[in-house]
Structures are given as C-alpha cells and as structure tokens.
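Below is coords-v1.txt, holding compact mmCIF, C-alpha atoms.
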# COMPACT_ATOMS: atom_id res chain seq x y z
CA MET U 255 61.78 4.80 -2.15
CA ASN U 256 60.72 2.89 -5.29
CA LYS U 257 64.26 1.57 -5.52
CA PHE U 258 64.03 0.00 -2.07
CA LEU U 259 60.57 -1.42 -2.85
CA LYS U 260 61.90 -3.11 -5.99
CA GLN U 261 64.82 -4.54 -4.02
CA LYS U 262 62.43 -6.02 -1.47
CA LYS U 263 60.33 -7.62 -4.21
CA VAL U 264 63.40 -9.19 -5.79
CA GLY U 265 64.57 -10.32 -2.36
CA LEU U 266 61.18 -11.87 -1.62
CA ILE U 267 61.27 -13.80 -4.90
CA ILE U 268 64.81 -15.08 -4.23
CA VAL U 269 63.99 -16.14 -0.67
CA GLY U 270 60.79 -17.81 -1.90
CA VAL U 271 62.74 -19.80 -4.49
CA MET U 272 65.28 -20.92 -1.87
CA ILE U 273 62.49 -21.96 0.51
CA LEU U 274 60.99 -24.01 -2.33
CA PHE U 275 64.46 -25.49 -2.89
CA VAL U 276 64.52 -26.65 0.74
CA ILE U 277 60.94 -27.98 0.62
CA LEU U 278 61.71 -30.01 -2.51
CA GLY U 279 64.36 -31.75 -0.42
CA LEU U 280 61.51 -33.47 1.43
CA VAL U 281 60.55 -35.30 -1.76
CA ASN U 282 64.12 -35.93 -2.87
CA PRO U 283 64.27 -39.75 -2.90
CA TYR U 284 67.95 -40.05 -1.92
CA PRO U 285 68.68 -40.49 1.82
CA PHE U 286 70.95 -37.75 3.15
CA ASP U 287 73.16 -40.20 5.08
CA LYS U 288 73.24 -43.32 2.88
CA MET U 289 76.75 -44.09 1.67
CA ASN U 290 77.44 -45.68 -1.72
CA ASN U 291 80.94 -46.77 -2.66
CA GLU U 292 80.07 -46.76 -6.36
CA LEU U 293 79.16 -43.06 -6.30
CA ILE U 294 82.12 -41.68 -4.34
CA LEU U 295 83.06 -38.23 -5.74
CA LYS U 296 80.84 -38.76 -8.78
CA GLY U 297 80.33 -35.40 -10.48
CA PRO U 298 77.02 -33.73 -11.29
CA SER U 299 74.73 -35.75 -13.57
CA PHE U 300 71.04 -36.10 -14.41
CA ALA U 301 70.68 -38.66 -11.62
CA HIS U 302 72.57 -36.53 -9.09
CA LEU U 303 72.31 -32.88 -10.10
CA PHE U 304 74.87 -31.69 -7.52
CA GLY U 305 76.98 -34.83 -7.73
CA CYS U 306 77.98 -37.03 -4.78
CA ASP U 307 80.37 -36.44 -1.88
CA GLU U 308 83.36 -38.41 -0.62
CA PHE U 309 81.04 -41.07 0.83
CA GLY U 310 78.81 -41.37 -2.21
CA ARG U 311 75.95 -39.41 -0.66
CA ASP U 312 73.73 -37.22 -2.84
CA LEU U 313 75.03 -33.65 -2.51
CA LEU U 314 71.76 -32.03 -3.63
CA LYS U 315 69.87 -33.76 -0.82
CA ARG U 316 72.53 -32.77 1.71
CA THR U 317 72.55 -29.17 0.46
CA GLN U 318 68.77 -28.98 0.75
CA MET U 319 68.90 -30.47 4.22
CA GLY U 320 71.85 -28.31 5.24
CA MET U 321 70.10 -25.13 4.17
CA GLY U 322 66.96 -26.20 6.03
CA ILE U 323 68.95 -26.87 9.21
CA SER U 324 70.78 -23.53 8.90
CA VAL U 325 67.49 -21.66 8.41
CA LEU U 326 65.82 -23.39 11.38
CA ILE U 327 68.77 -22.68 13.67
CA SER U 328 68.80 -19.05 12.54
CA PHE U 329 65.03 -18.76 13.05
CA PHE U 330 65.16 -19.88 16.69
CA SER U 331 68.33 -17.90 17.37
CA VAL U 332 66.78 -14.72 15.98
CA ALA U 333 63.64 -15.35 18.04
CA ILE U 334 65.72 -15.47 21.23
CA GLY U 335 67.83 -12.46 20.29
CA THR U 336 64.78 -10.47 19.20
CA ILE U 337 62.80 -11.03 22.40
CA VAL U 338 65.69 -10.37 24.77
CA GLY U 339 67.27 -7.56 22.74
CA THR U 340 63.99 -5.72 22.13
CA THR U 341 63.03 -5.95 25.81
CA ILE U 342 66.38 -4.56 26.94
CA GLY U 343 66.38 -1.85 24.26
CA ALA U 344 62.80 -0.84 25.07
CA LEU U 345 63.45 -0.57 28.81
CA CYS U 346 66.72 1.33 28.38
CA GLY U 347 65.32 3.68 25.75
CA TYR U 348 62.12 4.43 27.63
CA PHE U 349 63.38 4.76 31.22
CA SER U 350 67.05 5.81 30.94
CA GLY U 351 68.63 6.50 34.36
CA ILE U 352 70.42 3.83 36.36
CA LEU U 353 68.65 0.97 34.58
CA ASP U 354 69.93 2.25 31.25
CA ASP U 355 73.46 2.71 32.63
CA ILE U 356 73.67 -0.82 34.05
CA LEU U 357 72.13 -2.71 31.16
CA MET U 358 73.90 -0.76 28.44
CA SER U 359 77.25 -1.18 30.18
CA ILE U 360 76.76 -4.93 29.94
CA ILE U 361 75.56 -4.63 26.34
CA ASP U 362 78.58 -2.49 25.40
CA VAL U 363 80.95 -5.14 26.75
CA LEU U 364 79.18 -7.86 24.78
CA PHE U 365 78.99 -5.63 21.70
CA ALA U 366 82.77 -5.16 21.76
CA ILE U 367 83.22 -8.92 21.30
CA PRO U 368 82.71 -10.16 17.72
CA SER U 369 79.50 -12.22 17.46
CA ILE U 370 81.22 -15.31 16.10
CA LEU U 371 83.80 -15.20 18.91
CA LEU U 372 81.06 -14.79 21.53
CA ALA U 373 79.20 -17.77 20.08
CA LEU U 374 82.43 -19.78 19.88
CA VAL U 375 83.16 -19.16 23.58
CA PHE U 376 79.63 -20.28 24.47
CA VAL U 377 79.79 -23.59 22.57
CA THR U 378 83.27 -24.21 23.93
CA LEU U 379 81.96 -23.86 27.49
CA PHE U 380 78.67 -25.70 27.08
CA GLY U 381 79.46 -28.15 24.28
CA SER U 382 78.64 -28.37 20.59
CA GLY U 383 75.30 -29.31 19.14
CA THR U 384 72.18 -27.78 17.64
CA VAL U 385 70.67 -26.48 20.90
CA GLN U 386 73.97 -24.97 22.03
CA VAL U 387 74.41 -23.23 18.66
CA ILE U 388 70.90 -21.77 18.86
CA MET U 389 71.53 -20.40 22.36
CA ALA U 390 74.99 -19.10 21.43
CA LEU U 391 73.78 -17.24 18.34
CA GLY U 392 70.71 -15.94 20.18
CA ILE U 393 72.93 -14.37 22.84
CA ALA U 394 75.29 -12.99 20.18
CA ILE U 395 72.39 -11.16 18.50
CA VAL U 396 71.18 -9.42 21.66
CA PRO U 397 73.72 -6.52 21.83
CA SER U 398 73.16 -5.10 18.34
CA PHE U 399 69.38 -5.55 18.63
CA ALA U 400 69.30 -3.86 22.04
CA LYS U 401 71.27 -0.86 20.77
CA MET U 402 69.06 -0.38 17.74
CA MET U 403 65.82 -0.67 19.69
CA ARG U 404 67.11 1.61 22.44
CA ALA U 405 67.72 4.39 19.93
CA GLU U 406 64.26 3.95 18.40
CA PHE U 407 62.38 3.82 21.71
CA ARG U 408 64.28 6.82 23.06
CA LYS U 409 63.22 8.84 20.03
CA GLN U 410 59.58 7.74 20.29
CA ARG U 411 59.22 8.47 24.01
CA GLU U 412 59.54 12.22 23.33
CA LEU U 413 56.62 12.29 20.92
CA GLU U 414 53.18 13.59 21.85
CA TYR U 415 51.27 10.33 21.56
CA VAL U 416 53.52 8.71 24.20
CA LYS U 417 53.25 11.69 26.54
CA MET U 418 49.46 11.63 26.15
CA ALA U 419 49.32 7.90 26.87
CA LYS U 420 51.36 8.42 30.05
CA LEU U 421 49.12 11.31 31.05
CA ILE U 422 45.92 9.26 30.91
CA GLY U 423 47.51 6.42 32.86
CA VAL U 424 48.18 3.79 30.19
CA PRO U 425 50.31 0.97 31.71
CA THR U 426 54.00 1.15 30.78
CA ILE U 427 54.06 -2.32 29.21
CA ARG U 428 51.19 -1.33 26.93
CA ILE U 429 52.92 1.92 25.97
CA LEU U 430 56.11 0.04 25.10
CA PHE U 431 54.75 -2.85 23.10
CA VAL U 432 51.31 -1.71 21.89
CA HIS U 433 51.89 2.00 21.24
CA ILE U 434 55.62 2.43 20.51
CA LEU U 435 56.63 -0.90 18.94
CA PRO U 436 54.17 -0.65 15.98
CA ASN U 437 55.65 2.78 15.20
CA VAL U 438 59.15 1.34 14.87
CA LEU U 439 57.95 -1.78 13.09
CA GLU U 440 59.83 -1.19 9.82
CA THR U 441 63.15 -0.81 11.59
CA PHE U 442 62.24 -3.75 13.84
CA VAL U 443 61.52 -6.05 10.87
CA ASN U 444 64.65 -4.94 9.02
CA CYS U 445 66.70 -5.69 12.14
CA ILE U 446 65.26 -9.20 12.12
CA PHE U 447 66.35 -9.76 8.51
CA ILE U 448 69.85 -8.45 9.24
CA ALA U 449 70.08 -10.71 12.31
CA PHE U 450 68.83 -13.67 10.25
CA ASN U 451 71.51 -13.07 7.64
CA ASN U 452 74.22 -12.80 10.27
CA CYS U 453 73.00 -15.96 12.00
CA ILE U 454 73.22 -18.05 8.84
CA LEU U 455 76.81 -16.86 8.34
CA ALA U 456 77.73 -17.41 12.00
CA GLU U 457 76.15 -20.88 12.09
CA ALA U 458 78.05 -21.81 8.94
CA GLY U 459 81.25 -20.56 10.57
CA LEU U 460 80.70 -22.59 13.75
CA SER U 461 79.82 -25.74 11.82
CA PHE U 462 82.81 -25.19 9.53
CA LEU U 463 85.03 -25.17 12.62
CA GLY U 464 83.43 -28.39 13.84
CA VAL U 465 81.68 -26.95 16.91
CA GLY U 466 78.24 -26.48 15.40
CA VAL U 467 75.86 -29.05 13.94
CA GLN U 468 77.31 -32.53 14.34
CA PRO U 469 77.37 -35.42 11.80
CA PRO U 470 75.51 -37.17 10.32
CA VAL U 471 73.25 -34.08 10.24
CA ALA U 472 74.48 -31.58 7.66
CA SER U 473 74.48 -27.80 7.61
CA LEU U 474 75.90 -25.43 5.03
CA GLY U 475 79.00 -24.99 7.18
CA THR U 476 79.68 -28.71 7.52
CA LEU U 477 79.27 -29.19 3.77
CA LEU U 478 81.86 -26.51 3.06
CA SER U 479 84.16 -27.93 5.72
CA ASP U 480 83.92 -31.46 4.30
CA ALA U 481 84.69 -30.12 0.82
CA GLY U 482 87.95 -28.50 1.96
CA GLY U 483 90.11 -31.50 1.11
CA TYR U 484 88.70 -31.91 -2.39
CA LEU U 485 88.92 -28.40 -3.84
CA LYS U 486 91.35 -29.43 -6.59
CA SER U 487 89.82 -32.74 -7.60
CA SER U 488 86.10 -32.12 -6.90
CA ALA U 489 85.54 -28.39 -6.54
CA TYR U 490 81.78 -28.80 -7.05
CA LEU U 491 81.56 -30.08 -3.44
CA ALA U 492 82.25 -26.54 -2.24
CA ILE U 493 81.00 -24.47 -5.19
CA LEU U 494 77.40 -25.71 -5.36
CA PRO U 495 76.55 -25.49 -1.61
CA GLY U 496 78.49 -22.21 -1.47
CA ILE U 497 76.51 -20.67 -4.34
CA SER U 498 73.26 -21.85 -2.71
CA MET U 499 74.20 -20.08 0.52
CA ILE U 500 75.25 -16.89 -1.29
CA ILE U 501 71.92 -16.74 -3.15
CA LEU U 502 69.97 -17.16 0.10
CA LEU U 503 72.02 -14.48 1.87
CA PHE U 504 71.66 -12.13 -1.10
CA GLY U 505 67.87 -12.51 -1.04
CA ILE U 506 67.63 -11.88 2.69
CA GLY U 507 69.98 -8.93 2.32
CA LEU U 508 67.66 -7.35 -0.24
CA LEU U 509 64.71 -7.79 2.12
CA SER U 510 66.57 -5.90 4.83
CA SER U 511 67.24 -2.86 2.65
CA GLY U 512 65.18 0.26 3.21
CA GLU U 513 65.61 4.01 3.56
CA SER U 514 64.27 4.19 7.12
CA PHE U 515 66.47 1.29 8.20
CA HIS U 516 69.64 2.84 6.81
CA ASN U 517 68.80 6.14 8.49
CA ALA U 518 68.16 4.44 11.80
CA TYR U 519 71.29 2.30 11.51
CA SER U 520 73.48 5.32 10.88
CA LYS U 521 72.18 6.97 14.05
CA ARG U 522 72.14 3.99 16.36
CA PHE U 523 75.31 4.99 18.28
CA LYS U 524 74.40 8.66 18.61
CA ASN U 525 71.97 7.98 21.44
Please render this file's structure as structure tokens.
Amino acid sequence: MNKFLKQKKVGLIIVGVMILFVILGLVNPYPFDKMNNELILKGPSFAHLFGCDEFGRDLLKRTQMGMGISVLISFFSVAIGTIVGTTIGALCGYFSGILDDILMSIIDVLFAIPSILLALVFVTLFGSGTVQVIMALGIAIVPSFAKMMRAEFRKQRELEYVKMAKLIGVPTIRILFVHILPNVLETFVNCIFIAFNNCILAEAGLSFLGVGVQPPVASLGTLLSDAGGYLKSSAYLAILPGISMIILLFGIGLLSSGESFHNAYSKRFKN
C-alpha cells in the first residue's frame, strides 16, 4: 500500500509541475499565433526555449497553450462521461432486471467499438471543432465508466448498510449517491484519472488527424501533426511537445494507480 501512496505523491508533483507549466504560458510574452519570417524553424535558444515552428511562432508558447487546451477539453469530456456513465452504472448495478439488460446491451455495443473510432465517427457526422470533440470524447468514455460503476454498485447493494437503508425507507436516489457512492469513491476517483489520461490521448489523436481542434488554436495533437514534415530537419518540433505530453500522461497515470482500483478493474467484467 505504501508503494501506491508513494506513486500518487510523485504523480501529484508531476501533474502540479505541468499545471504550473501551462499557467506560466499566460505570462509568456510571445503571441501564440504571430508569425515571424526571421524566426522560421529557428532552433531552441535562450530567447525561444523550445525554438520556433515553420511560421516563426514560439513553440514554447504554443506547447503551453496546446497542453492547456487538451486539459480543458479532457476535463469537460470526463465530466460528461462521468455523470452519464456513473448514472447508468448505478442504475444497472442497483436494480438489475430489464433495465440492466437494455442499458447494458447498448453499453456493450458501444464498448466493442474503440473509443477513438467512436469519437472519430461522431466528429465526422457532426463536424470538427472544440465542442464536437468534447461531446465525442464524453460519449466515448461512458461505456467503460458504466461497466466499472455497475460492478461496484452491484457489490455494494448486497451489504447490510444498503439493506438497512432500504428497510427504513430511504429514497433510492439518496441510497445511490449519498450512501453507496462515497463507499466506492476511491475506485470512482481512479476511474476519473484513467478517463482523463485516455481523453488527452484521444484528443491528441483526433487533432493529429485534423478533425479535432482547428487552427489557429493549438493542441498537443495539432503540434505533433504540424511537426510531421520536419522530423529530419527540425525534430525538436515533435520531440519537445511530445515529451511534454508524455510527462503529463505519466503523472496522471501514477495518480490513477492503487491496489483497490486494480482489484476492481480486474473484476469489472465478472459481473
């Protein structure tokens, strides 16, 4: 258990540093979209720590902005997926019966489709852009969240405190979200971190393909996509934003580690 606690502390420090990295972008004096012909593909220097891109824009500023955009998109996507997925999982796990059969049949179909493909279909149908990406990723998160929460709520409903609450007439909504949810809070929070990690990767993938965040706004995916044609001559365009994203994902991944989470995750399909 101490091992997992240490991992979480390290993860918290890493995520804190990356948040500070994004916040410092607010005081970075270089505009994220200002082009400068004299600085085109200029390598890292004291004036431009990450160098400049193919349009002479400061890459550090664009990396800071891109990470901020990716984090914001992931935050709202996870919020949507968490609310919808937890509600479905709670209802299915607590009631079972025909409601469970219908909802979980739909969830199983969605779960069989890779998240990035599900999100890609959504943005293809409804157009690209920040709002569409948020909705697409939010929907893509729902199946895995619903399955995890269903397993947890089904286990909790058999315990004495839930049976006692039902016996004295506590409303079902209160039992679900006031009595049961706090008792699965660790798994719930770890699910959020896992979903957040997946969302950052998925958003980067969509933006890399050109159907996510649109120029001139940058995200980590668009930065990596733009760097694709300069890997031989100016590899720093991909390496520096890529390393920044890996560090952020590593920190969030450490926050999502935990003994109870791994136990719950291994049993999520058994119920």
Polymer residues at most 10 Å from stretch 415-432 of chain U, only C-alpha atoms, same-chain spacing of 2 or more positions, as a list of chain:residue names: U:Thr340, U:Thr341, U:Ala344, U:Leu345, U:Gly347, U:Tyr348, U:Phe407, U:Gln410, U:Arg411, U:Glu412, U:Leu413, U:Ile434, U:Leu435, U:Pro436, U:Asn437
Residue neighbourhood U:Ile393, 10 Å, only C-alpha atoms, exclusion window fewer than 6 positions, as a count of residues only: 13
Mind running stretch 261-309 of chain U against stretch 458-474 of chain U at 10 Å and telling me each contacting residue's nearest atom pair with the distance in Å (one decimal), counting only C-alpha atoms, chain and number ascending, as a Markdown table?
| residue | atom | partner | partner_atom | distance |
| --- | --- | --- | --- | --- |
| U:Phe286 | CA | U:Val471 | CA | 8.3 |
| U:Asp287 | CA | U:Pro470 | CA | 6.5 |
| U:Lys288 | CA | U:Pro470 | CA | 9.9 |
May I have the residues from that selection written out with C-alpha atoms, as a PDB file, in the frame of the given file?
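See part27.pdb below for the written result:
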ATOM      1  CA  PHE U 286      70.950 -37.750   3.150  1.00  0.00           C
ATOM      2  CA  ASP U 287      73.160 -40.200   5.080  1.00  0.00           C
ATOM      3  CA  LYS U 288      73.240 -43.320   2.880  1.00  0.00           C
TER       4      LYS U 288
END
Residue neighbourhood U:Pro283, 10 Å, only C-alpha atoms, exclusion window fewer than 4 positions, as a list in words: Gly279, Asp312 and Lys315 of chain U
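Nearest residue to U:Pro285, choosing from U:Cys445, U:Leu313, U:Ile342, U:Ile501 and counting only C-alpha atoms: U:Leu313.
Taking atom CA of U:Gly381 and atom CA of U:Phe330 as endpoints, the distance between them is 18.2 Å.
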Separation of atom CA of U:Ser324 from atom CA of U:Glu457 in Å: 6.8 Å
One-decimal distance in Å that lies between atom CA of U:Ile337 and atom CA of U:Gly320: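 Calculated distance between atom CA of U:Gly320 and atom CA of U:Ile337 is 26.0 Å.
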Neighbour list for U:Tyr490 as a ChimeraX atom specification, cut-off 9 Å, only C-alpha atoms, skip fewer than 4 positions in-chain: /U:297-298,304-305,481,484-485,494-495
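Among U:Ile493, U:Cys306, U:Val396, U:Val385, the residue with the shortest atom-to-atom distance to U:Ala449, counting all atoms listed in the file, is U:Val396.
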Using all atoms listed in the file, what does the table of stretch 317-418 of chain U residues within 10 Å of stretch 261-274 of chain U look like, with each row giving the shortest atom pair and its distance in Å to one decimal, sorted by chain and ascending number, as CSV?
residue,atom,partner,partner_atom,distance
U:Gln318,CA,U:Met272,CA,9.2
U:Met321,CA,U:Met272,CA,8.8
U:Gly322,CA,U:Ile273,CA,8.3
U:Val325,CA,U:Ile273,CA,9.4
Generate a file of the selected residues that holds C-alpha atoms, formatted as a compact mmCIF listing (two decimals), in the coordinates of the input.
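Okay, again_32.txt is ready:
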# COMPACT_ATOMS: atom_id res chain seq x y z
CA GLN U 318 68.77 -28.98 0.75
CA MET U 321 70.10 -25.13 4.17
CA GLY U 322 66.96 -26.20 6.03
CA VAL U 325 67.49 -21.66 8.41
Distance criterion (all atoms listed in the file): nearest to U:Ala366 out of U:Ser398, U:Leu509, U:Val276, U:Ser479: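 Looking only at the distances to U:Ala366, the closest residue turns out to be U:Ser398.
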Within 12 Å of U:Ser487 using all atoms listed in the file, minus same-chain residues under 5 positions, as a list in words: Leu295, Lys296, Gly297, Asp307, Glu308, Ala481, Gly482 and Ala492 of chain U
When you get a chance, write out N, CA, C and O atoms for stretch 273-289 of chain U, as a short mmCIF file (atom, residue, chain, number, x, y, z; two decimals), keeping the file's coordinate frame.
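File written: result.cif
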data_model
loop_
_atom_site.label_atom_id
_atom_site.label_comp_id
_atom_site.auth_asym_id
_atom_site.auth_seq_id
_atom_site.Cartn_x
_atom_site.Cartn_y
_atom_site.Cartn_z
N ILE U 273 63.36 -21.19 -0.38
CA ILE U 273 62.49 -21.96 0.51
C ILE U 273 61.90 -23.15 -0.24
O ILE U 273 61.83 -24.27 0.29
N LEU U 274 61.49 -22.92 -1.49
CA LEU U 274 60.99 -24.01 -2.33
C LEU U 274 62.08 -25.05 -2.55
O LEU U 274 61.80 -26.27 -2.54
N PHE U 275 63.31 -24.58 -2.73
CA PHE U 275 64.46 -25.49 -2.89
C PHE U 275 64.59 -26.41 -1.69
O PHE U 275 64.81 -27.62 -1.82
N VAL U 276 64.43 -25.85 -0.49
CA VAL U 276 64.52 -26.65 0.74
C VAL U 276 63.34 -27.61 0.84
O VAL U 276 63.50 -28.79 1.18
N ILE U 277 62.13 -27.14 0.53
CA ILE U 277 60.94 -27.98 0.62
C ILE U 277 61.02 -29.16 -0.34
O ILE U 277 60.62 -30.29 -0.01
N LEU U 278 61.57 -28.92 -1.53
CA LEU U 278 61.71 -30.01 -2.51
C LEU U 278 62.64 -31.10 -1.99
O LEU U 278 62.58 -32.25 -2.45
N GLY U 279 63.50 -30.73 -1.02
CA GLY U 279 64.36 -31.75 -0.42
C GLY U 279 63.58 -32.82 0.31
O GLY U 279 64.05 -33.95 0.48
N LEU U 280 62.36 -32.49 0.74
CA LEU U 280 61.51 -33.47 1.43
C LEU U 280 61.05 -34.59 0.50
O LEU U 280 60.74 -35.70 0.97
N VAL U 281 60.98 -34.28 -0.79
CA VAL U 281 60.55 -35.30 -1.76
C VAL U 281 61.73 -35.87 -2.55
O VAL U 281 61.54 -36.71 -3.43
N ASN U 282 62.92 -35.37 -2.25
CA ASN U 282 64.12 -35.93 -2.87
C ASN U 282 64.28 -37.38 -2.40
O ASN U 282 64.38 -37.63 -1.20
N PRO U 283 64.30 -38.34 -3.32
CA PRO U 283 64.27 -39.75 -2.90
C PRO U 283 65.56 -40.27 -2.28
O PRO U 283 65.56 -41.33 -1.64
N TYR U 284 66.67 -39.55 -2.43
CA TYR U 284 67.95 -40.05 -1.92
C TYR U 284 68.08 -39.75 -0.43
O TYR U 284 67.89 -38.60 -0.01
N PRO U 285 68.44 -40.74 0.39
CA PRO U 285 68.68 -40.49 1.82
C PRO U 285 69.91 -39.59 1.98
O PRO U 285 70.88 -39.71 1.24
N PHE U 286 69.84 -38.70 2.98
CA PHE U 286 70.95 -37.75 3.15
C PHE U 286 72.19 -38.41 3.73
O PHE U 286 73.30 -37.89 3.60
N ASP U 287 72.03 -39.58 4.39
CA ASP U 287 73.16 -40.20 5.08
C ASP U 287 73.55 -41.57 4.53
O ASP U 287 74.41 -42.24 5.09
N LYS U 288 72.93 -42.00 3.42
CA LYS U 288 73.24 -43.32 2.88
C LYS U 288 74.50 -43.26 2.02
O LYS U 288 74.59 -42.51 1.06
N MET U 289 75.50 -44.06 2.40
CA MET U 289 76.75 -44.09 1.67
C MET U 289 76.68 -45.09 0.51
O MET U 289 75.98 -46.10 0.60
#
